[in-house]
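Engineer: My structure is stored as data-v9.cif, with mmCIF, C-alpha atoms and all ligand atoms.
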```cif
data_data
loop_
_atom_site.label_atom_id
_atom_site.label_comp_id
_atom_site.auth_asym_id
_atom_site.auth_seq_id
_atom_site.Cartn_x
_atom_site.Cartn_y
_atom_site.Cartn_z
CA MET A 1 84.83 131.46 78.36
CA ALA A 2 85.95 130.48 74.85
CA ASP A 3 86.51 126.76 74.12
CA THR A 4 85.20 125.68 77.49
CA HIS A 5 85.74 122.13 78.78
CA SER A 6 83.54 120.53 81.41
CA VAL A 7 85.66 118.82 84.07
CA LYS A 8 84.84 117.03 87.32
CA ILE A 9 86.59 117.27 90.69
CA LEU A 10 87.84 113.79 91.57
CA MET A 11 89.54 114.56 94.88
CA THR A 12 90.48 117.48 97.14
CA ARG A 13 92.81 117.70 100.11
CA PHE A 14 94.51 120.41 102.13
CA ILE A 15 98.26 120.65 101.53
CA THR A 16 98.75 123.66 103.83
CA HIS A 17 96.29 125.33 106.24
CA ASP A 18 94.81 127.40 103.38
CA VAL A 19 95.91 125.70 100.15
CA LYS A 20 94.06 122.76 98.63
CA GLN A 21 95.06 120.34 95.92
CA PHE A 22 92.28 119.57 93.44
CA VAL A 23 92.53 116.51 91.23
CA VAL A 24 90.28 117.04 88.25
CA SER A 25 89.29 114.92 85.23
CA ARG A 26 91.23 115.64 82.08
CA PRO A 27 89.27 116.26 78.87
CA GLU A 28 90.16 114.11 75.87
CA GLY A 29 92.95 115.78 73.87
CA PHE A 30 93.55 118.57 76.41
CA THR A 31 97.19 119.44 76.88
CA PHE A 32 99.29 122.28 78.33
CA GLU A 33 102.88 123.33 78.83
CA PRO A 34 104.16 123.40 82.43
CA GLY A 35 103.82 127.01 83.60
CA GLN A 36 100.70 127.80 81.57
CA GLY A 37 97.41 128.76 83.22
CA VAL A 38 93.74 128.10 82.50
CA GLU A 39 90.57 129.86 83.57
CA LEU A 40 88.34 127.88 85.92
CA ALA A 41 84.74 128.63 86.84
CA ILE A 42 82.38 126.67 89.09
CA ASP A 43 79.64 125.07 86.97
CA ALA A 44 76.72 126.07 89.20
CA PRO A 45 74.03 128.75 88.98
CA GLY A 46 75.52 132.20 89.65
CA TRP A 47 79.13 131.01 89.32
CA ALA A 48 79.62 129.90 85.71
CA ASP A 49 80.54 133.41 84.50
CA LYS A 50 83.09 133.96 87.30
CA GLY A 51 86.21 132.54 85.67
CA ARG A 52 89.51 132.89 87.54
CA PRO A 53 93.04 131.98 86.39
CA PHE A 54 94.78 128.93 87.90
CA THR A 55 97.75 126.79 86.90
CA PRO A 56 97.80 123.03 86.34
CA THR A 57 100.60 121.78 88.63
CA ASN A 58 100.93 118.22 87.38
CA LEU A 59 102.73 116.78 84.37
CA PRO A 60 101.13 117.19 80.94
CA GLU A 61 101.26 113.43 80.32
CA ASP A 62 99.23 112.53 83.45
CA ASP A 63 95.74 111.07 83.02
CA VAL A 64 94.23 113.71 85.31
CA LEU A 65 94.80 117.41 85.99
CA GLU A 66 95.92 118.83 89.32
CA PHE A 67 95.44 122.34 90.66
CA THR A 68 96.98 123.85 93.78
CA ILE A 69 94.70 126.62 94.98
CA LYS A 70 94.96 129.03 97.86
CA GLY A 71 91.59 129.83 99.39
CA TYR A 72 90.86 133.36 100.57
CA ALA A 73 88.29 132.99 103.33
CA ASP A 74 87.97 136.79 103.56
CA HIS A 75 86.95 137.17 99.88
CA GLU A 76 83.21 137.54 100.38
CA GLY A 77 81.63 136.08 97.21
CA GLY A 78 85.06 134.97 95.98
CA VAL A 79 85.64 131.97 93.72
CA THR A 80 88.51 130.48 95.75
CA ARG A 81 86.40 130.55 98.92
CA LYS A 82 83.60 128.68 97.13
CA LEU A 83 86.05 126.28 95.40
CA HIS A 84 87.47 125.26 98.78
CA LYS A 85 83.99 124.13 99.86
CA LEU A 86 83.46 121.86 96.82
CA GLU A 87 83.82 118.12 97.06
CA ALA A 88 84.51 115.28 94.65
CA GLY A 89 81.81 115.12 91.99
CA ALA A 90 81.42 118.91 91.59
CA LYS A 91 81.73 120.22 88.04
CA LEU A 92 84.00 123.01 86.79
CA LEU A 93 84.31 124.85 83.50
CA MET A 94 87.86 125.12 82.19
CA SER A 95 89.30 127.22 79.35
CA ASN A 96 92.11 126.21 77.03
CA PRO A 97 95.60 126.95 78.40
CA PHE A 98 97.29 130.33 77.98
CA GLY A 99 100.32 132.16 79.24
CA THR A 100 103.92 133.07 78.69
CA ILE A 101 105.68 131.32 81.59
CA LYS A 102 107.61 128.35 80.29
CA TYR A 103 111.02 126.86 80.93
CA GLN A 104 113.73 128.42 78.78
CA GLY A 105 116.76 126.90 80.48
CA PRO A 106 118.35 126.90 83.93
CA GLY A 107 117.91 130.08 85.92
CA VAL A 108 116.62 131.67 89.08
CA PHE A 109 112.95 131.24 90.01
CA ILE A 110 111.52 133.90 92.32
CA ALA A 111 108.04 133.26 93.72
CA GLY A 112 105.73 134.85 96.27
CA GLY A 113 103.04 132.70 97.95
CA ALA A 114 100.71 130.96 95.47
CA GLY A 115 103.00 132.32 92.72
CA ILE A 116 104.91 129.06 93.14
CA THR A 117 102.28 127.12 91.12
CA PRO A 118 103.71 127.59 87.60
CA PHE A 119 107.16 126.77 88.96
CA LEU A 120 105.87 123.61 90.68
CA ALA A 121 104.70 122.40 87.28
CA ILE A 122 108.06 123.28 85.71
CA PHE A 123 110.15 121.69 88.51
CA ARG A 124 108.07 118.51 88.40
CA GLN A 125 108.81 118.23 84.71
CA ARG A 126 112.50 119.14 85.08
CA ALA A 127 112.78 116.52 87.86
CA LYS A 128 112.34 113.92 85.11
CA THR A 129 115.52 115.24 83.46
CA VAL A 130 119.02 115.73 84.83
CA ASP A 131 119.05 119.49 85.27
CA VAL A 132 116.42 120.34 87.91
CA ASP A 133 119.07 121.17 90.53
CA LYS A 134 120.85 123.57 88.17
CA ASN A 135 118.03 125.98 89.00
CA VAL A 136 117.74 128.23 92.05
CA LEU A 137 114.46 129.00 93.85
CA LEU A 138 113.87 132.04 96.04
CA PHE A 139 110.40 131.55 97.54
CA SER A 140 108.84 134.19 99.77
CA ASN A 141 106.12 133.39 102.31
CA LYS A 142 104.77 134.90 105.49
CA THR A 143 105.39 131.93 107.81
CA PRO A 144 106.84 128.39 107.52
CA ALA A 145 103.27 127.00 107.70
CA ASP A 146 102.42 128.83 104.46
CA VAL A 147 105.12 127.19 102.32
CA ILE A 148 103.51 125.07 99.58
CA CYS A 149 105.16 121.67 98.86
CA GLU A 150 108.24 122.55 100.91
CA ARG A 151 109.65 119.01 101.18
CA GLU A 152 109.23 118.40 97.47
CA LEU A 153 110.93 121.67 96.52
CA ARG A 154 113.82 121.06 98.94
CA HIS A 155 114.16 117.55 97.51
CA TYR A 156 114.42 118.84 93.93
CA LEU A 157 116.71 121.78 94.59
CA GLY A 158 118.69 121.01 97.75
CA GLU A 159 120.71 124.02 98.87
CA HIS A 160 119.39 125.93 95.84
CA CYS A 161 115.98 126.08 97.54
CA ILE A 162 116.00 129.35 99.50
CA LEU A 163 112.83 129.92 101.52
CA THR A 164 112.19 133.29 103.09
CA CYS A 165 109.55 133.89 105.76
CA THR A 166 108.82 137.53 106.36
CA ALA A 167 106.46 137.32 109.35
CA GLU A 168 107.99 134.53 111.42
CA ALA A 169 111.55 133.35 111.92
CA GLY A 170 112.40 129.64 111.80
CA THR A 171 115.41 127.39 111.37
CA GLY A 172 116.11 126.88 107.68
CA TYR A 173 114.29 130.03 106.56
CA LEU A 174 115.66 133.45 105.76
CA ASN A 175 113.71 135.89 107.94
CA ARG A 176 113.93 138.69 105.36
CA ARG A 177 111.96 140.15 102.49
CA ILE A 178 113.43 139.36 99.04
CA ASP A 179 114.96 142.70 98.11
CA LYS A 180 117.96 143.96 96.18
CA ALA A 181 120.35 143.06 99.04
CA VAL A 182 119.04 139.47 99.30
CA LEU A 183 119.24 139.07 95.52
CA ALA A 184 122.82 140.39 95.46
CA GLU A 185 123.82 138.01 98.30
CA THR A 186 122.20 134.87 96.92
CA ILE A 187 122.66 135.13 93.13
CA ASP A 188 126.11 134.94 91.60
CA ARG A 189 125.26 135.88 87.97
CA PHE A 190 122.70 138.28 86.58
CA ASP A 191 123.18 137.24 82.94
CA GLN A 192 120.84 134.24 83.27
CA HIS A 193 117.10 133.54 83.07
CA PHE A 194 114.91 134.88 85.85
CA TYR A 195 111.41 133.47 86.27
CA LEU A 196 109.09 135.61 88.37
CA CYS A 197 105.59 134.98 89.76
CA GLY A 198 103.74 136.53 92.66
CA PRO A 199 101.52 139.44 93.74
CA LYS A 200 101.73 142.64 91.67
CA LYS A 201 103.77 144.67 94.18
CA PHE A 202 106.18 141.77 94.68
CA MET A 203 106.69 141.52 90.91
CA GLU A 204 107.29 145.25 90.56
CA ALA A 205 109.83 145.37 93.39
CA ILE A 206 111.73 142.26 92.24
CA THR A 207 111.78 143.35 88.59
CA ALA A 208 113.19 146.78 89.51
CA ALA A 209 115.84 145.22 91.80
CA LEU A 210 116.90 142.67 89.16
CA LYS A 211 117.27 145.36 86.50
CA ASP A 212 119.36 147.47 88.92
CA LEU A 213 121.59 144.45 89.46
CA GLY A 214 122.15 144.01 85.71
CA ALA A 215 119.52 141.45 84.62
CA ARG A 216 118.50 141.92 80.99
CA PRO A 217 114.78 142.68 80.50
CA GLN A 218 114.57 139.96 77.81
CA SER A 219 115.81 137.38 80.34
CA LEU A 220 112.88 137.99 82.72
CA VAL A 221 110.10 135.40 82.30
CA PHE A 222 106.75 136.30 83.85
CA GLU A 223 103.01 136.33 83.05
CA LYS A 224 102.34 139.35 80.84
C1 LIG B 1 97.89 133.31 85.28
C2 LIG B 1 97.52 133.14 86.74
C3 LIG B 1 97.60 131.88 87.32
C4 LIG B 1 97.24 131.69 88.66
N1 LIG B 1 97.35 130.44 89.21
C5 LIG B 1 97.01 130.25 90.50
C6 LIG B 1 97.11 128.96 91.10
O1 LIG B 1 97.50 127.97 90.44
N2 LIG B 1 96.78 128.83 92.40
C7 LIG B 1 96.35 129.89 93.15
O2 LIG B 1 96.06 129.71 94.34
N3 LIG B 1 96.22 131.13 92.61
C8 LIG B 1 96.52 131.33 91.31
N4 LIG B 1 96.36 132.57 90.76
C9 LIG B 1 95.72 133.62 91.57
C10 LIG B 1 94.19 133.40 91.53
O3 LIG B 1 93.74 133.60 90.21
C11 LIG B 1 93.46 134.36 92.49
O4 LIG B 1 93.81 134.04 93.81
C12 LIG B 1 91.97 134.23 92.32
O5 LIG B 1 91.58 134.75 91.05
C13 LIG B 1 91.22 134.95 93.41
O6 LIG B 1 89.85 134.77 93.13
P1 LIG B 1 88.73 135.11 94.19
O7 LIG B 1 87.43 135.06 93.45
O8 LIG B 1 88.83 134.24 95.39
O9 LIG B 1 89.07 136.57 94.64
P2 LIG B 1 88.91 137.95 93.89
O10 LIG B 1 88.35 137.81 92.53
O11 LIG B 1 90.20 138.70 94.03
O12 LIG B 1 87.86 138.69 94.81
C14 LIG B 1 86.59 138.13 95.12
C15 LIG B 1 85.85 139.01 96.10
O13 LIG B 1 86.61 139.20 97.31
C16 LIG B 1 86.82 140.56 97.58
N5 LIG B 1 88.21 140.79 98.02
C17 LIG B 1 89.31 140.80 97.22
N6 LIG B 1 90.42 141.01 97.96
C18 LIG B 1 90.00 141.11 99.25
C19 LIG B 1 90.67 141.31 100.48
N7 LIG B 1 92.00 141.46 100.54
N8 LIG B 1 89.92 141.37 101.61
C20 LIG B 1 88.58 141.22 101.56
N9 LIG B 1 87.88 141.01 100.42
C21 LIG B 1 88.59 140.96 99.28
C22 LIG B 1 86.57 141.29 96.27
O14 LIG B 1 86.06 142.58 96.51
C23 LIG B 1 85.57 140.41 95.56
O15 LIG B 1 84.25 140.74 95.90
C24 LIG B 1 96.76 132.79 89.43
C25 LIG B 1 96.68 134.06 88.84
C26 LIG B 1 97.05 134.24 87.52
C27 LIG B 1 96.97 135.62 86.91
#
```
What is this file in structure tokens?

Structural biologist:
Amino acid sequence: MADTHSVKILMTRFITHDVKQFVVSRPEGFTFEPGQGVELAIDAPGWADKGRPFTPTNLPEDDVLEFTIKGYADHEGGVTRKLHKLEAGAKLLMSNPFGTIKYQGPGVFIAGGAGITPFLAIFRQRAKTVDVDKNVLLFSNKTPADVICERELRHYLGEHCILTCTAEAGTGYLNRRIDKAVLAETIDRFDQHFYLCGPKKFMEAITAALKDLGARPQSLVFEK
């Protein structure tokens, strides 16, 4: 990893059944823009060369860094599985920040699962200004138990926080996949910014649907 920083885990806690928050020391002079990612590797024999991308989810001015990481217990030899077993005191290697997702003005944020992390960072920053609730969030999950930071997102966005659960129905959740029909029903204008983050197939389907509905390719913000 180029320009690697050594950082220490200060605290971990589960925030859903399979997502953990990691509070990590912040290197002197390190900064990032909300929405950017970094590469993290575990600083232990056999792991230091296994860097994976993650997104700081706190505010750039905080004294520490925070990551919100979904663990995949079925990823034999996977970094997230190992990360979830680490405790305070463990060391990580962290790259400088990179990435193209950043806030460009009010718009519609469309996330799938752990794809919410760059948007969490952006909403937390926008919450310090007046315009956070001018944005709309469409956030797709399998079940209500999978929704990351649900109360916080509903608090920021109110009725503009639309949560869909595809595998389990529940009061307050749309029991549908985010497709062209859902986009047409929930979005009133397609000449605005669209911020997209999620698994590859999700991104492909949403991008195609948005273009069909008239969104301009240059108004789509996603990790390239
Ligand atoms: C820019 C960017 C930012 C990101 N930010 C975040 C973030 O903030 N939080 C977050 O949670 N995620 C984030 N991700 C996703 C995160 O990077 C991946 O979840 C992570 O890299 C997975 O690493 P892993 O080592 O656990 O699994 P992998 O590297 O995918 O795989 C590890 C091992 O598991 C096996 N494996 C893979 N898939 C399966 C499967 N379905 N079943 C069984 N075995 C399997 C593989 O064969 C491999 O041996 C981000 C991704 C990007 C691109």

Engineer: Calculated over all atoms listed in the file, which of the candidates A:Lys50, A:Lys85, A:Lys201, A:Arg13 has the smallest distance to ligand LIG 1 (chain B)?

Structural biologist: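 Distance minimum relative to ligand LIG 1 (chain B) lands on A:Lys50.
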
Engineer: Could you give me the residues within 9 Å of ligand LIG 1 (chain B), counting all atoms listed in the file, as a ChimeraX atom specification?

Structural biologist: /A:19-20,35-40,50-57,67-83,98-101,113-118,197-199,223-224

Engineer: Excluding His5 of chain A and its own-chain neighbours fewer than 3 positions away, which residues fall within 9 Å of it when counting all atoms listed in the file? Please give them as a ChimeraX atom specification.

Structural biologist: /A:27,30,92-96

Engineer: Rank A:Leu65, A:Ala169, A:Ala209, A:Ile162 by their smallest atom-to-atom distance to Glu150 of chain A, using all atoms listed in the file, and report the top residue only.

Structural biologist: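 The answer is A:Ile162, which sits nearest to Glu150 of chain A.
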
Engineer: Counting all atoms listed in the file, figure out which residue out of A:Ile122, A:Ile9, A:Ala111, A:Val147 gets nearest to Glu33 of chain A.

Structural biologist: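 For Glu33 of chain A, the nearest of the given residues is A:Ile122.
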
Engineer: So, with only C-alpha atoms as the atoms that count, which of A:Pro34, A:Pro144, A:Gly89, A:Pro60 lies closest to Phe119 of chain A?

Structural biologist: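 Among the listed residues, A:Pro34 lies closest to Phe119 of chain A.
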
Engineer: So the first atom is atom CA of Ala88 of chain A and the second is atom CA of Leu120 of chain A; what is the distance between them in Å, to one decimal place?

Structural biologist: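 Those two atoms sit 23.3 Å apart.
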
Engineer: Calculate how many Å separate atom CA of Lys8 of chain A from atom CA of Ala90 of chain A, rounding to one decimal.

Structural biologist: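 Going from atom CA of Lys8 of chain A over to atom CA of Ala90 of chain A, I get 5.8 Å.
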
Engineer: Restore N, CA and C atoms in segment 108-133 of chain A and list the result as a PDB file, in the frame of the given file.

Structural biologist:
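Below you can see selection_21.pdb, which holds the result:
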```pdb
ATOM      1  N   VAL A 108     117.043 131.381  87.715  1.00  0.00           N
ATOM      2  CA  VAL A 108     116.620 131.670  89.080  1.00  0.00           C
ATOM      3  C   VAL A 108     115.113 131.904  89.071  1.00  0.00           C
ATOM      4  N   PHE A 109     114.402 131.127  89.893  1.00  0.00           N
ATOM      5  CA  PHE A 109     112.950 131.240  90.010  1.00  0.00           C
ATOM      6  C   PHE A 109     112.638 132.022  91.286  1.00  0.00           C
ATOM      7  N   ILE A 110     111.835 133.071  91.151  1.00  0.00           N
ATOM      8  CA  ILE A 110     111.520 133.900  92.320  1.00  0.00           C
ATOM      9  C   ILE A 110     110.000 133.952  92.453  1.00  0.00           C
ATOM     10  N   ALA A 111     109.495 133.390  93.562  1.00  0.00           N
ATOM     11  CA  ALA A 111     108.040 133.260  93.720  1.00  0.00           C
ATOM     12  C   ALA A 111     107.585 133.863  95.038  1.00  0.00           C
ATOM     13  N   GLY A 112     106.363 134.393  95.038  1.00  0.00           N
ATOM     14  CA  GLY A 112     105.730 134.850  96.270  1.00  0.00           C
ATOM     15  C   GLY A 112     104.432 134.087  96.463  1.00  0.00           C
ATOM     16  N   GLY A 113     104.284 133.398  97.601  1.00  0.00           N
ATOM     17  CA  GLY A 113     103.040 132.700  97.950  1.00  0.00           C
ATOM     18  C   GLY A 113     102.560 131.726  96.883  1.00  0.00           C
ATOM     19  N   ALA A 114     101.275 131.874  96.465  1.00  0.00           N
ATOM     20  CA  ALA A 114     100.710 130.960  95.470  1.00  0.00           C
ATOM     21  C   ALA A 114     101.348 131.140  94.095  1.00  0.00           C
ATOM     22  N   GLY A 115     102.216 132.131  93.957  1.00  0.00           N
ATOM     23  CA  GLY A 115     103.000 132.320  92.720  1.00  0.00           C
ATOM     24  C   GLY A 115     103.953 131.166  92.446  1.00  0.00           C
ATOM     25  N   ILE A 116     104.052 130.232  93.368  1.00  0.00           N
ATOM     26  CA  ILE A 116     104.910 129.060  93.140  1.00  0.00           C
ATOM     27  C   ILE A 116     104.259 128.103  92.127  1.00  0.00           C
ATOM     28  N   THR A 117     102.953 128.203  91.883  1.00  0.00           N
ATOM     29  CA  THR A 117     102.280 127.120  91.120  1.00  0.00           C
ATOM     30  C   THR A 117     102.847 126.884  89.714  1.00  0.00           C
ATOM     31  N   PRO A 118     103.130 127.921  88.907  1.00  0.00           N
ATOM     32  CA  PRO A 118     103.710 127.590  87.600  1.00  0.00           C
ATOM     33  C   PRO A 118     105.090 126.955  87.720  1.00  0.00           C
ATOM     34  N   PHE A 119     105.804 127.313  88.778  1.00  0.00           N
ATOM     35  CA  PHE A 119     107.160 126.770  88.960  1.00  0.00           C
ATOM     36  C   PHE A 119     107.108 125.322  89.457  1.00  0.00           C
ATOM     37  N   LEU A 120     106.054 125.007  90.244  1.00  0.00           N
ATOM     38  CA  LEU A 120     105.870 123.610  90.680  1.00  0.00           C
ATOM     39  C   LEU A 120     105.740 122.716  89.456  1.00  0.00           C
ATOM     40  N   ALA A 121     104.901 123.185  88.500  1.00  0.00           N
ATOM     41  CA  ALA A 121     104.700 122.400  87.280  1.00  0.00           C
ATOM     42  C   ALA A 121     106.020 122.239  86.532  1.00  0.00           C
ATOM     43  N   ILE A 122     106.776 123.320  86.445  1.00  0.00           N
ATOM     44  CA  ILE A 122     108.060 123.280  85.710  1.00  0.00           C
ATOM     45  C   ILE A 122     109.055 122.382  86.443  1.00  0.00           C
ATOM     46  N   PHE A 123     109.180 122.519  87.764  1.00  0.00           N
ATOM     47  CA  PHE A 123     110.150 121.690  88.510  1.00  0.00           C
ATOM     48  C   PHE A 123     109.782 120.208  88.423  1.00  0.00           C
ATOM     49  N   ARG A 124     108.487 119.927  88.482  1.00  0.00           N
ATOM     50  CA  ARG A 124     108.070 118.510  88.400  1.00  0.00           C
ATOM     51  C   ARG A 124     108.462 117.930  87.049  1.00  0.00           C
ATOM     52  N   GLN A 125     108.387 118.740  86.021  1.00  0.00           N
ATOM     53  CA  GLN A 125     108.810 118.230  84.710  1.00  0.00           C
ATOM     54  C   GLN A 125     110.341 118.141  84.632  1.00  0.00           C
ATOM     55  N   ARG A 126     111.025 119.162  85.126  1.00  0.00           N
ATOM     56  CA  ARG A 126     112.500 119.140  85.080  1.00  0.00           C
ATOM     57  C   ARG A 126     113.048 117.998  85.934  1.00  0.00           C
ATOM     58  N   ALA A 127     112.311 117.600  86.976  1.00  0.00           N
ATOM     59  CA  ALA A 127     112.780 116.520  87.860  1.00  0.00           C
ATOM     60  C   ALA A 127     112.899 115.208  87.089  1.00  0.00           C
ATOM     61  N   LYS A 128     112.236 115.132  85.938  1.00  0.00           N
ATOM     62  CA  LYS A 128     112.340 113.920  85.110  1.00  0.00           C
ATOM     63  C   LYS A 128     113.600 113.964  84.253  1.00  0.00           C
ATOM     64  N   THR A 129     114.298 115.105  84.254  1.00  0.00           N
ATOM     65  CA  THR A 129     115.520 115.240  83.460  1.00  0.00           C
ATOM     66  C   THR A 129     116.690 115.340  84.441  1.00  0.00           C
ATOM     67  N   VAL A 130     117.860 115.701  83.931  1.00  0.00           N
ATOM     68  CA  VAL A 130     119.020 115.730  84.830  1.00  0.00           C
ATOM     69  C   VAL A 130     119.252 117.111  85.442  1.00  0.00           C
ATOM     70  N   ASP A 131     118.570 118.143  84.915  1.00  0.00           N
ATOM     71  CA  ASP A 131     119.050 119.490  85.270  1.00  0.00           C
ATOM     72  C   ASP A 131     118.210 120.241  86.289  1.00  0.00           C
ATOM     73  N   VAL A 132     117.288 119.565  87.004  1.00  0.00           N
ATOM     74  CA  VAL A 132     116.420 120.340  87.910  1.00  0.00           C
ATOM     75  C   VAL A 132     117.246 121.110  88.936  1.00  0.00           C
ATOM     76  N   ASP A 133     118.321 120.496  89.470  1.00  0.00           N
ATOM     77  CA  ASP A 133     119.070 121.170  90.530  1.00  0.00           C
ATOM     78  C   ASP A 133     120.086 122.189  90.003  1.00  0.00           C
TER      79      ASP A 133
END
```
